[in-house]
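Enquirer: If you scroll down you'll find the structure; I have some questions about it.
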Amino acid sequence: MNQFAALGLTQKWLAPALAGLLALAGLLALATSPALAADTPDPDAPKGATVTVLKAAKSCFSNLVEVTGIVQTGMYEYDNSYAFVALDKAQNLAGLGDGVTGIEVKTTDRWQAASVASRLVGALGWPYRTVDWEEQNHSLFQALKLEKLGMGVILLLIVLVAAFNIVSTLTMVVTDKTREIGILRAMGMPARSIRRIFFAQGVVIGIVGTLAGLMLGLFASVVIDRYKLIALDPSVYFIDHLPVATQFLDVAAIVLASLLIAALATLYPARQAARLFPVEAIRHE
């Protein structure tokens, strides 16, 4: 019988981990064998209801189990398919005798699961195999990476549009203040000082807009995650709501990129203001 093990502990802790898991399995087991089926008219059976469990074998053996509690993990695939029963009941219904179909363990560092799994395969050999959490959900993680890249590009385009607004605003200010700029130049103010004034104005606009967007975004993310405002169809997305996790490195990168783009957007209008000739600026209507 091919054994399944989604393993992820360091090799020196394998023996005590297996012993502890087997002791725990004496109390509970995950009855997910394809040889089992639950016969009940209500999939959301309330606590205290009885469920008829059928064994898909040559015999017509069936057993009644009592629903003692409902567990919701937030993952539709688990909530719709898995049931916890006593280990001896599951072994009897699945016809496994004293065996089990798999053992699931957990590492202290999730990113070491793949390397630990490969070492376990080498140590245990055939017919054992390991499946880590990244391999088990490979297609989902690839889709999430692509979605994250797409959202980053969209966010960058939004920031660029805001930068063009800064350029247009400062250009209008330069046009409106042409006479004042000419007077200042005629009084001896150097061109670099004019350039610094408009550069500082654009940077202040970028800082104020970035901070306002940062506070609004953090507030919205906390509210959406805490109150689960964005509901999803669990049969399609595997989760019942949209979770929000704030990654501070990503937030810092976005803030820095926004400030940098805002600063770069001020260079053109600031340069145009510094290049005005005093006499022509004073004559400007």
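Going through the structure tokens in order, the chains are called A, B, and so on, while each chain numbers its residues from 1 and the ligands are numbered from 1 in the order shown.
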Write out as a PyMOL selection string all residues of segment 29-267 of chain A that DSSP puts in alpha helix (DSSP H) for this structure's backbone.
Expert: chain A and resi 76-79+87-94+113-124+133-136+138-176+178-186+191-227+234-237+248-265+267
Enquirer: Can you pull out every residue within 7 Å of segment 278-282 of chain A, counting only C-alpha atoms, but drop anything in the same chain fewer than 6 positions away, and send it as a ChimeraX atom specification?
Expert: /A:178-179,181-183,185-186
Enquirer: Let's see if you can do this: from backbone DSSP, list all strand (DSSP E or B) residues in segment 72-203 of chain A, as a list in words.
Expert: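 The strand (DSSP E or B) residues within segment 72-203 of chain A come out as Met75, Phe84, Val85, Gly102, Ile103, Glu104, Tyr128, Arg129 and Thr130 of chain A.
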Enquirer: Between A:Gly206, A:Arg226, A:Gln247, A:Asp240, which is the closest to Leu160 of chain A once you count only C-alpha atoms?
Expert: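 Looking at the shortest contact to Leu160 of chain A, the residue is A:Gly206.
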Enquirer: Tell me which of A:Val131, A:Lys148, A:Arg271, A:Thr266 sits closest to Asp250 of chain A, counting only C-alpha atoms.
Expert: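 Smallest distance to Asp250 of chain A is found for A:Lys148.
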Enquirer: Would you mind reading off the distance between atom CA of Lys177 of chain A and atom CA of Pro190 of chain A, one decimal, in Å?
Expert: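 These two atoms are separated by 16.3 Å.
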Enquirer: Tell me, in Å to one decimal, how far atom CA of Ile194 of chain A is from atom CA of Leu267 of chain A.
Expert: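 According to the coordinates, atom CA of Ile194 of chain A and atom CA of Leu267 of chain A are separated by 11.7 Å.
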Enquirer: Mind giving me the straight-line distance from atom CA of Gly74 of chain A to atom CA of Glu104 of chain A in Å, one decimal?
Expert: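 Straight-line distance from atom CA of Gly74 of chain A to atom CA of Glu104 of chain A works out to 19.4 Å.
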Enquirer: For Ile224 of chain A, list every protein, DNA or RNA residue within 12 Å, evaluated using only C-alpha atoms, and leave out those in the same chain fewer than 5 positions away; present the list as a ChimeraX atom specification.
Expert: /A:217-219,229-231,241-246
Enquirer: Keeping only C-alpha atoms, write the selected residues to a file as a short mmCIF file (atom, residue, chain, number, x, y, z; two decimals), in the first residue's frame.
Expert:
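Produced file part.cif, reproduced below:
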data_model
loop_
_atom_site.label_atom_id
_atom_site.label_comp_id
_atom_site.auth_asym_id
_atom_site.auth_seq_id
_atom_site.Cartn_x
_atom_site.Cartn_y
_atom_site.Cartn_z
CA GLY A 217 -5.19 52.28 2.73
CA LEU A 218 -4.07 50.90 6.10
CA PHE A 219 -7.39 51.81 7.69
CA LEU A 229 -16.54 42.98 4.18
CA ILE A 230 -15.65 41.38 0.83
CA ALA A 231 -17.49 38.05 0.64
CA HIS A 241 -14.02 36.13 2.26
CA LEU A 242 -11.10 38.17 1.01
CA PRO A 243 -8.30 38.17 3.61
CA VAL A 244 -5.98 41.17 3.85
CA ALA A 245 -2.40 40.82 5.08
CA THR A 246 -0.32 44.00 5.40
#
Enquirer: Quick one: of A:Val204, A:Ala83, A:Ala191, A:Val161, who's nearest to Val71 of chain A, counting only C-alpha atoms?
Expert: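 With only C-alpha atoms as the atom set, the closest residue is A:Ala83.
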Enquirer: Give me the residues within 12 Å of Ala263 of chain A as a PDB file with N, CA and C atoms, in the first residue's frame, counting only C-alpha atoms and dropping any in the same chain fewer than 4 places off.
Expert:
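The resulting file, selection_30.pdb, is reproduced below:
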ATOM      1  N   LEU A 160       1.652  56.876 -11.662  1.00  0.00           N
ATOM      2  CA  LEU A 160       2.114  57.670 -12.798  1.00  0.00           C
ATOM      3  C   LEU A 160       1.073  58.704 -13.220  1.00  0.00           C
ATOM      4  N   ALA A 162      -1.068  60.090 -11.228  1.00  0.00           N
ATOM      5  CA  ALA A 162      -0.980  61.135 -10.199  1.00  0.00           C
ATOM      6  C   ALA A 162       0.233  62.029 -10.439  1.00  0.00           C
ATOM      7  N   ALA A 163       1.334  61.448 -10.909  1.00  0.00           N
ATOM      8  CA  ALA A 163       2.530  62.246 -11.197  1.00  0.00           C
ATOM      9  C   ALA A 163       2.271  63.225 -12.332  1.00  0.00           C
ATOM     10  N   PHE A 164       1.527  62.806 -13.352  1.00  0.00           N
ATOM     11  CA  PHE A 164       1.181  63.728 -14.441  1.00  0.00           C
ATOM     12  C   PHE A 164       0.302  64.869 -13.928  1.00  0.00           C
ATOM     13  N   ILE A 166       0.624  66.178 -10.991  1.00  0.00           N
ATOM     14  CA  ILE A 166       1.566  67.096 -10.343  1.00  0.00           C
ATOM     15  C   ILE A 166       2.260  67.966 -11.392  1.00  0.00           C
ATOM     16  N   VAL A 167       2.664  67.346 -12.500  1.00  0.00           N
ATOM     17  CA  VAL A 167       3.316  68.102 -13.576  1.00  0.00           C
ATOM     18  C   VAL A 167       2.390  69.188 -14.116  1.00  0.00           C
ATOM     19  N   LEU A 170       1.914  72.073 -11.438  1.00  0.00           N
ATOM     20  CA  LEU A 170       3.063  72.972 -11.333  1.00  0.00           C
ATOM     21  C   LEU A 170       3.265  73.792 -12.601  1.00  0.00           C
ATOM     22  N   ARG A 196      14.510  75.357  -6.935  1.00  0.00           N
ATOM     23  CA  ARG A 196      14.295  74.718  -5.628  1.00  0.00           C
ATOM     24  C   ARG A 196      12.896  75.005  -5.083  1.00  0.00           C
ATOM     25  N   PHE A 198      10.034  75.474  -6.738  1.00  0.00           N
ATOM     26  CA  PHE A 198       9.031  74.632  -7.392  1.00  0.00           C
ATOM     27  C   PHE A 198       9.274  73.153  -7.110  1.00  0.00           C
ATOM     28  N   PHE A 199      10.519  72.768  -6.950  1.00  0.00           N
ATOM     29  CA  PHE A 199      10.809  71.383  -6.577  1.00  0.00           C
ATOM     30  C   PHE A 199      10.248  71.072  -5.193  1.00  0.00           C
ATOM     31  N   ALA A 200      10.448  72.000  -4.246  1.00  0.00           N
ATOM     32  CA  ALA A 200       9.924  71.794  -2.890  1.00  0.00           C
ATOM     33  C   ALA A 200       8.401  71.736  -2.892  1.00  0.00           C
ATOM     34  N   GLN A 201       7.773  72.577  -3.716  1.00  0.00           N
ATOM     35  CA  GLN A 201       6.313  72.561  -3.782  1.00  0.00           C
ATOM     36  C   GLN A 201       5.808  71.222  -4.299  1.00  0.00           C
ATOM     37  N   GLY A 202       6.430  70.682  -5.336  1.00  0.00           N
ATOM     38  CA  GLY A 202       6.018  69.380  -5.857  1.00  0.00           C
ATOM     39  C   GLY A 202       6.260  68.253  -4.870  1.00  0.00           C
ATOM     40  N   VAL A 203       7.391  68.303  -4.139  1.00  0.00           N
ATOM     41  CA  VAL A 203       7.676  67.263  -3.150  1.00  0.00           C
ATOM     42  C   VAL A 203       6.661  67.307  -2.016  1.00  0.00           C
ATOM     43  N   VAL A 204       6.278  68.514  -1.580  1.00  0.00           N
ATOM     44  CA  VAL A 204       5.272  68.631  -0.517  1.00  0.00           C
ATOM     45  C   VAL A 204       3.939  68.046  -0.976  1.00  0.00           C
ATOM     46  N   ILE A 205       3.550  68.327  -2.214  1.00  0.00           N
ATOM     47  CA  ILE A 205       2.313  67.744  -2.745  1.00  0.00           C
ATOM     48  C   ILE A 205       2.403  66.213  -2.732  1.00  0.00           C
ATOM     49  N   GLY A 206       3.550  65.671  -3.149  1.00  0.00           N
ATOM     50  CA  GLY A 206       3.724  64.216  -3.157  1.00  0.00           C
ATOM     51  C   GLY A 206       3.690  63.614  -1.766  1.00  0.00           C
ATOM     52  N   ILE A 207       4.311  64.301  -0.789  1.00  0.00           N
ATOM     53  CA  ILE A 207       4.324  63.778   0.587  1.00  0.00           C
ATOM     54  C   ILE A 207       2.927  63.780   1.186  1.00  0.00           C
ATOM     55  N   THR A 210       0.850  61.074  -0.532  1.00  0.00           N
ATOM     56  CA  THR A 210       1.288  59.726  -0.158  1.00  0.00           C
ATOM     57  C   THR A 210       0.859  59.371   1.253  1.00  0.00           C
ATOM     58  N   LEU A 256       8.038  54.709  -0.976  1.00  0.00           N
ATOM     59  CA  LEU A 256       9.268  55.260  -1.550  1.00  0.00           C
ATOM     60  C   LEU A 256       9.132  55.499  -3.051  1.00  0.00           C
ATOM     61  N   ALA A 257       8.499  54.548  -3.751  1.00  0.00           N
ATOM     62  CA  ALA A 257       8.299  54.717  -5.188  1.00  0.00           C
ATOM     63  C   ALA A 257       7.392  55.909  -5.474  1.00  0.00           C
ATOM     64  N   SER A 258       6.365  56.096  -4.669  1.00  0.00           N
ATOM     65  CA  SER A 258       5.462  57.223  -4.862  1.00  0.00           C
ATOM     66  C   SER A 258       6.181  58.555  -4.651  1.00  0.00           C
ATOM     67  N   LEU A 259       6.990  58.636  -3.594  1.00  0.00           N
ATOM     68  CA  LEU A 259       7.739  59.869  -3.337  1.00  0.00           C
ATOM     69  C   LEU A 259       8.765  60.138  -4.426  1.00  0.00           C
ATOM     70  N   LEU A 267      10.606  68.009 -11.786  1.00  0.00           N
ATOM     71  CA  LEU A 267      11.819  68.502 -12.440  1.00  0.00           C
ATOM     72  C   LEU A 267      11.507  69.355 -13.668  1.00  0.00           C
ATOM     73  N   TYR A 268      10.588  68.906 -14.507  1.00  0.00           N
ATOM     74  CA  TYR A 268      10.296  69.646 -15.739  1.00  0.00           C
ATOM     75  C   TYR A 268       9.712  71.032 -15.457  1.00  0.00           C
ATOM     76  N   PRO A 269       8.619  71.163 -14.665  1.00  0.00           N
ATOM     77  CA  PRO A 269       8.104  72.525 -14.417  1.00  0.00           C
ATOM     78  C   PRO A 269       9.084  73.395 -13.649  1.00  0.00           C
ATOM     79  N   ALA A 270       9.872  72.820 -12.733  1.00  0.00           N
ATOM     80  CA  ALA A 270      10.862  73.619 -12.012  1.00  0.00           C
ATOM     81  C   ALA A 270      11.941  74.141 -12.960  1.00  0.00           C
TER      82      ALA A 270
END
Enquirer: For a quick check of understanding, using only C-alpha atoms, which of A:Ser221, A:Thr73, A:Gln136, A:Thr175 has the smallest distance to Val251 of chain A?
Expert: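 Answer, going by the shortest atom-to-atom distance: A:Ser221.
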